[in-house]
Amino acid sequence: MRLILGIETSCDETSAAVVEGRRVRSSIVASQADLHARWGGVVPEAAARQHVERLNPVLQQALDEAGVSLREIEGIAVTNRPGLVGALVVGIAAAKALAFALNLPFVGVHHLEGHLYSAFLTDPDAPIPFPHLCLIVSGGHTELVLAKGHGDYQLLGQTLDDAAGEAFDKVARLLGLGYPGGPAIDRLARTGDPSAFRFPRAWLEGSHHFSFSGLKTAVLREVERLRNEGTLSEATIADLCASFQQAIIDVLVAKAVRAAQEWQVSVLTVVGGVAANAALQSQMREAADKACLQLLIPPPHYCTDNAAMIACAGYYRLLAGERADFDLDAHANAPLAK
Ligand code: KG4
Ligand code: ZN
């Protein structure tokens with residue numbers, strides 16, 4: 001079994017992909033960012049409705065671009081956890097309908113397991129290095145996971161409050177930069193001074209956990225102060241973005257490298273939407289080189305949500321003989337590993 005159809009509707013991206021093993025034949029992502037921008041964040045009911053409207057054309061486009069017909073698909077992988085339940089069920093219903101009509105095996109995939117595999121999509125012939133350390137930095141999660149084998153993960157640390165991407169989105173909203181905030185801050189930070197403001201870093205020494213809510217509050221206070229003073233200029237906003245972003249990067253880089261050394265792995269992957277951040281990428285690369293770690297970061301279109309990573313994770317599960325039943329459910333919260 002090699003030709004897998006992947007479906008991802010856990011949040012605000014409607015996505016379908018066809019993979020052949022780990023080789024991506026097509027990956028279509030219809031972003032709902034414009035829809036949610038006017039509210040400054042994802043509105044679950046609106047997300048679910050838009051998935052209903054868009055999933056069929058997105059599926060068709062994925063098949064067309066891959067140059068395969070539905071009859072050639074050999075298995076289906078669908079994100080079933082964690083995520084917005086109303087959004088997840090749209091993808092799950094489609095996967096079940098296709099599996100039933102075509103008499104195909106299907107599996108439910110953990111969204112973060114998809115992200116974990118996203119680091120291995122661009123070089124499908126290279127073996128996946130186990131064990132490796134995976135830093136997942138997305139809008140909903142910040143986790144350090146030790147990947148020991150396919151489906152065999154150990155959670156080393158996670159955020160105790162806000163996820164890294166969530167902090168980017170909240171700070172961007174505070175500064176009136178729109179949704180999603182990560183790309184806007186990434187762009188503005190390039191012209192700002194990362195040492196202009198000294199924001200706190202929560203090191204949580206002795207653990208691999210993270211905390212970003214103190215940083216977010218510190219930025220809020222600074223913005224309020226500058227607004228009251230009437231000195232919140234465009235240049236100051238760029239400095240705020242650069243300084244805030246640097247505080248996040250310092251912690252992510254140091255803690256990921258330290259965990260890799262502690263667990264004696266030689267490969268580090270950084271995945272999820274925040275991994276698309278240019279400054280994070282270059283500083284992570286520098287630190288990994290110094291620590292003699294091999295660093296894998298997916299290209300930006302595989303950092304953010306996509307169905308190719310879900311199809312890839314599902315491929316290994318199907319290959320191992322896993323099969324979902326037609327009572328496969330959506331779950332808002334579910335740990336990837338303990
Ligand atoms: O992985 P993802 O697409 O969705 C979730 O699973 O949450 O991640 C989305 C998050 C958002 O918080 C977004 O602001 C952030 O990734 N993001 C970025 C960048 N691009 C997306 N954060 C920092 N810099 C970026 N370039
Ligand atoms: Zn994601």
# chains A, B, ... in the order shown; residues from 1 in each chain; ligands from 1
>>> select_by_dssp(residues="region 150-207 of chain A", states="helix (DSSP H, G or I)", output="number ranges by chain")
A: 164-174, 181-189
>>> residues_near_ligand(ligand="ligand 2", cutoff="9 Å", atoms="only C-alpha atoms and all ligand atoms", output="count of residues only")
20
>>> atom_distance(atom1="atom 25 (C, counted along the ligand's line) of ligand 1", atom2="CA of Leu59 (chain A)")
26.6 Å
>>> atom_distance(atom1="CA of Gln50 (chain A)", atom2="CA of Ala37 (chain A)")
14.1 Å
>>> atom_distance(atom1="atom 26 (N, counted along the ligand's line) of ligand 1", atom2="CA of Gly165 (chain A)")
9.4 Å
>>> residues_around(residues="His36 (chain A)", least_positions_apart="4", cutoff="12 Å", atoms="only C-alpha atoms", output="PyMOL selection string")
chain A and resi 11-13+31-32+40-48+50+178-180
>>> closest_residue(among="A:Leu156, A:Ala33, A:Ile128, A:Ile7", to="ligand 1", atoms="only C-alpha atoms and all ligand atoms")
A:Ala33
>>> closest_residue(among="A:Asp123, A:Glu74, A:Asp161, A:Glu166", to="ligand 1", atoms="only C-alpha atoms and all ligand atoms")
A:Glu166
>>> residues_around(residues="region 183-198 of chain A", least_positions_apart="2", cutoff="7 Å", atoms="only C-alpha atoms", output="count of residues only")
15
>>> closest_residue(among="A:Arg81, A:Arg221, A:Lys255, A:Arg323", to="ligand 1", atoms="only C-alpha atoms and all ligand atoms")
A:Arg81
>>> closest_residue(among="A:Ala256, A:Val68, A:Ala276, A:Met309", to="Val29 (chain A)", atoms="only C-alpha atoms")
A:Met309
>>> select_by_dssp(residues="region 111-213 of chain A", states="strand (DSSP E)", output="JSON, numbers by chain")
{"A": [132, 133, 134, 135, 136, 137, 142, 143, 144, 145, 146, 147, 148, 149, 152, 153, 154, 155, 156, 157, 158]}
>>> write_last_selection(atoms="N, CA, C and O atoms", output="compact mmCIF listing (two decimals), in the first residue's frame")
# COMPACT_ATOMS: atom_id res chain seq x y z
N HIS A 132 15.07 10.75 17.45
CA HIS A 132 15.38 12.16 17.22
C HIS A 132 14.52 13.01 18.13
O HIS A 132 13.54 12.53 18.70
N LEU A 133 14.92 14.27 18.27
CA LEU A 133 14.16 15.18 19.12
C LEU A 133 13.35 16.11 18.22
O LEU A 133 13.88 16.64 17.25
N CYS A 134 12.07 16.27 18.55
CA CYS A 134 11.20 17.13 17.74
C CYS A 134 10.66 18.27 18.59
O CYS A 134 10.04 18.04 19.63
N LEU A 135 10.93 19.49 18.15
CA LEU A 135 10.33 20.66 18.79
C LEU A 135 9.11 21.06 17.96
O LEU A 135 9.25 21.43 16.79
N ILE A 136 7.93 20.92 18.55
CA ILE A 136 6.69 21.29 17.85
C ILE A 136 6.27 22.68 18.34
O ILE A 136 6.02 22.86 19.54
N VAL A 137 6.24 23.64 17.42
CA VAL A 137 5.85 25.01 17.79
C VAL A 137 4.73 25.47 16.86
O VAL A 137 4.98 25.90 15.75
N THR A 142 3.23 23.82 22.11
CA THR A 142 4.70 23.95 22.14
C THR A 142 5.17 22.73 22.93
O THR A 142 4.94 22.63 24.14
N GLU A 143 5.78 21.79 22.23
CA GLU A 143 6.16 20.53 22.88
C GLU A 143 7.54 20.08 22.43
O GLU A 143 7.90 20.26 21.26
N LEU A 144 8.26 19.48 23.35
CA LEU A 144 9.52 18.81 23.02
C LEU A 144 9.25 17.32 23.13
O LEU A 144 8.90 16.82 24.20
N VAL A 145 9.39 16.63 22.01
CA VAL A 145 9.03 15.21 21.97
C VAL A 145 10.24 14.38 21.53
O VAL A 145 10.92 14.73 20.56
N LEU A 146 10.49 13.32 22.27
CA LEU A 146 11.54 12.38 21.87
C LEU A 146 10.86 11.31 21.02
O LEU A 146 10.00 10.57 21.50
N ALA A 147 11.22 11.26 19.72
CA ALA A 147 10.62 10.27 18.82
C ALA A 147 11.56 9.07 18.76
O ALA A 147 12.68 9.17 18.26
N LYS A 148 11.10 7.95 19.30
CA LYS A 148 11.96 6.76 19.39
C LYS A 148 11.76 5.82 18.22
O LYS A 148 12.61 5.00 17.91
N GLY A 149 10.58 5.89 17.61
CA GLY A 149 10.26 5.05 16.46
C GLY A 149 8.90 5.48 15.95
O GLY A 149 8.28 6.38 16.54
N ASP A 152 6.05 5.90 18.47
CA ASP A 152 6.62 5.70 19.81
C ASP A 152 7.26 7.01 20.29
O ASP A 152 8.40 7.31 19.93
N TYR A 153 6.49 7.78 21.05
CA TYR A 153 6.93 9.12 21.42
C TYR A 153 6.92 9.32 22.93
O TYR A 153 6.08 8.77 23.63
N GLN A 154 7.89 10.13 23.39
CA GLN A 154 7.92 10.49 24.80
C GLN A 154 7.90 12.01 24.91
O GLN A 154 8.71 12.69 24.29
N LEU A 155 6.94 12.51 25.69
CA LEU A 155 6.84 13.96 25.88
C LEU A 155 7.85 14.39 26.92
O LEU A 155 7.79 13.96 28.08
N LEU A 156 8.80 15.25 26.53
CA LEU A 156 9.83 15.71 27.47
C LEU A 156 9.40 17.00 28.16
O LEU A 156 9.73 17.24 29.32
N GLY A 157 8.71 17.85 27.41
CA GLY A 157 8.29 19.12 27.99
C GLY A 157 7.24 19.77 27.12
O GLY A 157 7.09 19.43 25.95
N GLN A 158 6.50 20.70 27.73
CA GLN A 158 5.48 21.41 26.96
C GLN A 158 5.20 22.75 27.62
O GLN A 158 5.67 23.01 28.73
>>> residues_around(residues="Gln264 (chain A)", least_positions_apart="3", cutoff="12 Å", atoms="only C-alpha atoms", output="ChimeraX atom specification")
/A:130-133,146,256-261,267-268,291-293
>>> write_last_selection(atoms="all heavy atoms", output="short mmCIF file (atom, residue, chain, number, x, y, z; two decimals), in the first residue's frame")
data_model
loop_
_atom_site.label_atom_id
_atom_site.label_comp_id
_atom_site.auth_asym_id
_atom_site.auth_seq_id
_atom_site.Cartn_x
_atom_site.Cartn_y
_atom_site.Cartn_z
N PHE A 130 15.68 7.69 13.81
CA PHE A 130 15.20 7.46 15.18
C PHE A 130 16.39 7.02 16.02
O PHE A 130 17.22 6.25 15.52
CB PHE A 130 14.13 6.37 15.20
CG PHE A 130 12.83 6.77 14.58
CD1 PHE A 130 12.34 6.08 13.47
CD2 PHE A 130 12.08 7.81 15.10
CE1 PHE A 130 11.13 6.44 12.89
CE2 PHE A 130 10.86 8.17 14.51
CZ PHE A 130 10.39 7.47 13.41
N PRO A 131 16.51 7.45 17.28
CA PRO A 131 15.65 8.46 17.90
C PRO A 131 16.04 9.85 17.43
O PRO A 131 17.17 10.09 17.07
CB PRO A 131 15.95 8.29 19.39
CG PRO A 131 17.37 7.85 19.43
CD PRO A 131 17.59 7.01 18.20
N HIS A 132 15.07 10.75 17.45
CA HIS A 132 15.38 12.16 17.22
C HIS A 132 14.52 13.01 18.13
O HIS A 132 13.54 12.53 18.70
CB HIS A 132 15.21 12.53 15.74
CG HIS A 132 13.80 12.48 15.25
ND1 HIS A 132 13.28 11.42 14.54
CD2 HIS A 132 12.78 13.38 15.35
CE1 HIS A 132 12.01 11.67 14.24
NE2 HIS A 132 11.69 12.83 14.72
N LEU A 133 14.92 14.27 18.27
CA LEU A 133 14.16 15.18 19.12
C LEU A 133 13.35 16.11 18.22
O LEU A 133 13.88 16.64 17.25
CB LEU A 133 15.11 16.01 19.99
CG LEU A 133 14.38 16.89 21.00
CD1 LEU A 133 13.87 16.06 22.16
CD2 LEU A 133 15.29 18.01 21.50
N LEU A 146 10.49 13.32 22.27
CA LEU A 146 11.54 12.38 21.87
C LEU A 146 10.86 11.31 21.02
O LEU A 146 10.00 10.57 21.50
CB LEU A 146 12.18 11.76 23.11
CG LEU A 146 13.33 10.78 22.85
CD1 LEU A 146 14.53 11.49 22.24
CD2 LEU A 146 13.74 10.09 24.15
N ALA A 256 15.73 23.53 23.24
CA ALA A 256 15.74 22.41 22.28
C ALA A 256 17.14 21.79 22.21
O ALA A 256 17.30 20.56 22.26
CB ALA A 256 15.29 22.89 20.90
N VAL A 257 18.16 22.64 22.13
CA VAL A 257 19.53 22.13 22.03
C VAL A 257 19.91 21.40 23.32
O VAL A 257 20.51 20.31 23.28
CB VAL A 257 20.53 23.27 21.70
CG1 VAL A 257 21.97 22.80 21.85
CG2 VAL A 257 20.28 23.79 20.29
N ARG A 258 19.54 21.98 24.46
CA ARG A 258 19.87 21.35 25.74
C ARG A 258 19.20 19.97 25.85
O ARG A 258 19.82 19.00 26.28
CB ARG A 258 19.42 22.24 26.90
CG ARG A 258 20.10 21.88 28.21
CD ARG A 258 19.63 22.78 29.34
NE ARG A 258 19.76 24.19 29.00
CZ ARG A 258 19.02 25.16 29.57
NH1 ARG A 258 18.10 24.87 30.46
NH2 ARG A 258 19.20 26.41 29.22
N ALA A 259 17.95 19.88 25.45
CA ALA A 259 17.24 18.59 25.53
C ALA A 259 17.88 17.56 24.60
O ALA A 259 18.03 16.39 24.96
CB ALA A 259 15.77 18.78 25.18
N ALA A 260 18.29 18.01 23.41
CA ALA A 260 18.93 17.07 22.46
C ALA A 260 20.22 16.54 23.06
O ALA A 260 20.52 15.34 22.96
CB ALA A 260 19.21 17.78 21.13
N GLN A 261 20.96 17.42 23.72
CA GLN A 261 22.22 16.98 24.33
C GLN A 261 21.95 16.04 25.50
O GLN A 261 22.60 15.00 25.65
CB GLN A 261 23.03 18.19 24.80
CG GLN A 261 23.61 18.95 23.62
CD GLN A 261 24.20 20.29 24.01
OE1 GLN A 261 23.75 20.93 24.96
NE2 GLN A 261 25.22 20.73 23.26
N VAL A 267 19.90 14.25 15.98
CA VAL A 267 19.03 14.93 15.01
C VAL A 267 17.93 15.70 15.75
O VAL A 267 17.25 15.15 16.63
CB VAL A 267 18.38 13.92 14.03
CG1 VAL A 267 17.48 14.65 13.04
CG2 VAL A 267 19.44 13.11 13.31
N LEU A 268 17.78 16.96 15.37
CA LEU A 268 16.73 17.81 15.93
C LEU A 268 15.83 18.29 14.79
O LEU A 268 16.34 18.72 13.75
CB LEU A 268 17.39 19.02 16.62
CG LEU A 268 16.47 20.18 17.04
CD1 LEU A 268 15.50 19.75 18.15
CD2 LEU A 268 17.31 21.38 17.52
N ALA A 291 26.49 22.79 18.24
CA ALA A 291 26.31 21.60 19.09
C ALA A 291 26.45 20.31 18.30
O ALA A 291 26.17 19.22 18.82
CB ALA A 291 24.93 21.67 19.76
N CYS A 292 26.88 20.43 17.02
CA CYS A 292 27.05 19.25 16.14
C CYS A 292 25.76 18.44 16.02
O CYS A 292 25.78 17.20 16.06
CB CYS A 292 28.19 18.36 16.61
SG CYS A 292 29.76 19.18 16.53
N LEU A 293 24.64 19.15 15.92
CA LEU A 293 23.35 18.49 15.75
C LEU A 293 22.90 18.64 14.30
O LEU A 293 23.05 19.73 13.72
CB LEU A 293 22.28 19.18 16.62
CG LEU A 293 22.25 18.88 18.09
CD1 LEU A 293 21.31 19.88 18.78
CD2 LEU A 293 21.75 17.46 18.32
#
